[in-house]
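I have placed the structure first, in the form of structure tokens, so that the comments after it can refer back to it.
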Amino acid sequence: MTELAPARIERPSALSFLGYVLGLVILFWCLAGAGFSLDKVMTAPPRFADFATRAFPPNLEPQVLARLDWKMVETLQIAVAGAVIGVILSVPIALLAARGLIAGPAVNQIVRTILGFIRAVPDIAWALVFVVAVGLGPFAGMLAIAVDTIGFCGRFFADDMEATDKGPAESLTATGARKIDVVACATIPAAMPAFVSTGLYAFEKAVRSSTILGLVGAGGIGIELKVGFDLFDYPTAMTVILMIAVVVIAIEHLSGWARTRIIGEQK
Amino acid sequence: MRATRNSTISSVSDLGLKDPAAPRVQPVVPGARSVLVSPVDIEARHVAKRFGETAIFEDVSFRLARGEAVALVGANGAGKSTLLRCLMGLIPVSSGSVHLLGEETSGAKGAALRGLRAQVGLVSQKHNLVPRLSVLSNVIHGLLGQSPGVRHWSHMLAPEASRLAAMQALGKVGLADFATRRADRLSGGQSQRVAIARAIVSRPKVLFADEPCASLDPSAGEDVMALFFRLVKDEGVTVVFTSHNIEHALRFGDRVLGLSNGQLKLDATAASLAPSDLRGLYD
């Protein structure tokens, strides 16, 4: 006797059906809140074309390019300095956040809550805070990137360490090693590939963030973008956009290459 | 050395032994003390371990004399590895007590427990080397219990005496030429030999081995077991090892402890047992 195949699509239960309907209602509510307008979507392409016409060709005058180049270098300096400081500080913070390593559950929870708060505040908001604290300029941007990186890497480094194979740590613990020695000799080396991967992603994120911190006066090329649009100097603004795109894409490729080289070596 | 130090229980009638009353396997009241010629290195008194409502084993008692090699056998899930971890103080016992080298591990904490463990070595089934580090650094880590601190985190920072001790341990397992190789570039047999070097580098008084050749092919497993016992027997180290290999248990152990259904069902000298005697533990 041939068995009947199950139905291709199962009839949803009443509760599932209500869930789908509720999901659709929430989506439409959000679209309404976001001012979604088909009319604006239809009329946008001509306006965009008008902007493109006025922005192209980009401004490639030597003195403009020289100025933007230096601003881009400053942007990368902010990103590198902020990301490196953030990644380095993330390691001890992650040790306190990771469950079952060196700190007790209460400390783990407090540190994880603080890291959650840091991540909840956008980098541009941190930049505004540091502009108030240390004044206008790239230092405020670097601090914003560092704090943002700590929020990101601190959480993921802790998760990475919790997920490592516990075997080597147990073998060292069995020989009387202290917790800090076990962490340094077994846990951190085992988590290092994940640290590298997370750290490189944090660096990519820092480069993207640092390009817009200038909008709030925290240094970098973002200020040039703002001035370009404020003065309707669209060719210069387009030059800035293209430079940001080229640098961010290049950094992503470099990061991917480094990730493969460093992490791939352990196989 | 074999039968004379046998000390404790043996409820073997349910294990299919031909004559449970025969002298080769002596029934003993659990927890009873007997006269031992050598000092006792490990003593378990009415030890029980439970995870939540699940009892792993109950009322396990035995005494192991210095220099004894003891095989801990039993089916999967019998609690061999758990008992091993309880003996080392890596996990707490639910009731009863464990004495290691004369100190109670169940009561010891912090520096006292670490001091006790510093006289102990562990070889695990999965080798448990740190993959990205060099072979030499992995062996030097075996000294962390006796010499804690940054200088023993890597062979590059280690004092010359520690590097020398690690190289000697590597020499004993025949891998001195592999000192700078990364641990994740070794074969299974080589990794286990490095793990043995790490365990013996601190010259421990007691060595625990949790199925040390379970992840190796039969030939490599045979080599590793022979090497392991040659090294530790020379030093008079007390060894407790778990194994599913009955032949290994009888050949390398002076004494065999058998766990079954949460009870210590067998405690006998290896010389007094035949392979068929252990099969009852796996029913």
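Ligands are numbered from 1 in the order shown, residues from 1 within each chain, and chains are lettered A, B, ... in the order they appear in the structure tokens.
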Query raised in the report: For chain A, which residues have at least one atom within 6 Å of chain B, if we go by only C-alpha atoms? Write them as a ChimeraX atom specification, please.
Result: /A:167-168,174-177,185-186
Requested in this report: Check the DSSP output for the backbone and give back, as an MDAnalysis selection string, the residues of stretch 216-250 of chain B in strand (DSSP E).
Outcome: chainID B and resid 238:242
Writer output for current selection, C-alpha atoms, as a PDB file, in the first residue's frame:
ATOM      1  CA  THR B 238      50.290   6.319  41.873  1.00  0.00           C
ATOM      2  CA  VAL B 239      48.120   6.012  38.773  1.00  0.00           C
ATOM      3  CA  VAL B 240      44.365   5.912  38.387  1.00  0.00           C
ATOM      4  CA  PHE B 241      43.180   5.363  34.837  1.00  0.00           C
ATOM      5  CA  THR B 242      39.815   4.704  33.267  1.00  0.00           C
TER       6      THR B 242
END
**Report entry** Neighbour list for A:Val247 as a list in words, cut-off 10 Å, only C-alpha atoms, skip fewer than 3 positions in-chain
**Finding:**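 That gives Met72, Leu76, Val207, Arg208, Thr211, Leu242, Met243, Ile244, Ala250, Ile251, Glu252 and His253 of chain A.
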With C-alpha atoms retained, could you export that selection as a short mmCIF file (atom, residue, chain, number, x, y, z; two decimals), in the first residue's frame?
data_model
loop_
_atom_site.label_atom_id
_atom_site.label_comp_id
_atom_site.auth_asym_id
_atom_site.auth_seq_id
_atom_site.Cartn_x
_atom_site.Cartn_y
_atom_site.Cartn_z
CA MET A 72 40.45 60.89 5.10
CA LEU A 76 41.46 56.44 9.43
CA VAL A 207 36.07 52.96 9.83
CA ARG A 208 32.42 53.26 8.75
CA THR A 211 33.40 58.78 8.39
CA LEU A 242 33.07 58.22 -3.39
CA MET A 243 36.20 58.47 -1.22
CA ILE A 244 34.33 56.99 1.75
CA ALA A 250 39.16 48.55 0.60
CA ILE A 251 39.22 48.15 4.39
CA GLU A 252 36.62 45.38 4.21
CA HIS A 253 38.72 43.51 1.64
#
Query raised in the report: Running DSSP on the backbone, which parts of stretch 16-262 of chain A land in alpha helix (DSSP H), as a PyMOL selection string?
Result: chain A and resi 16-33+38-55+62-97+105-120+123-134+138-162+167-174+179-182+188-210+222-230+234-262
Query raised in the report: Which is closer to B:Ser243 than all the others in B:Arg45, B:Arg181, B:Lys80, B:Arg151, using only C-alpha atoms?
Result: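 Among the listed residues, the smallest separation from B:Ser243 belongs to B:Lys80.
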Query raised in the report: Of the candidates B:Val232, B:Lys205, B:Thr105, B:Ser134, which shows the shortest atom-to-atom distance to A:Pro189, using only C-alpha atoms?
Result: B:Ser134
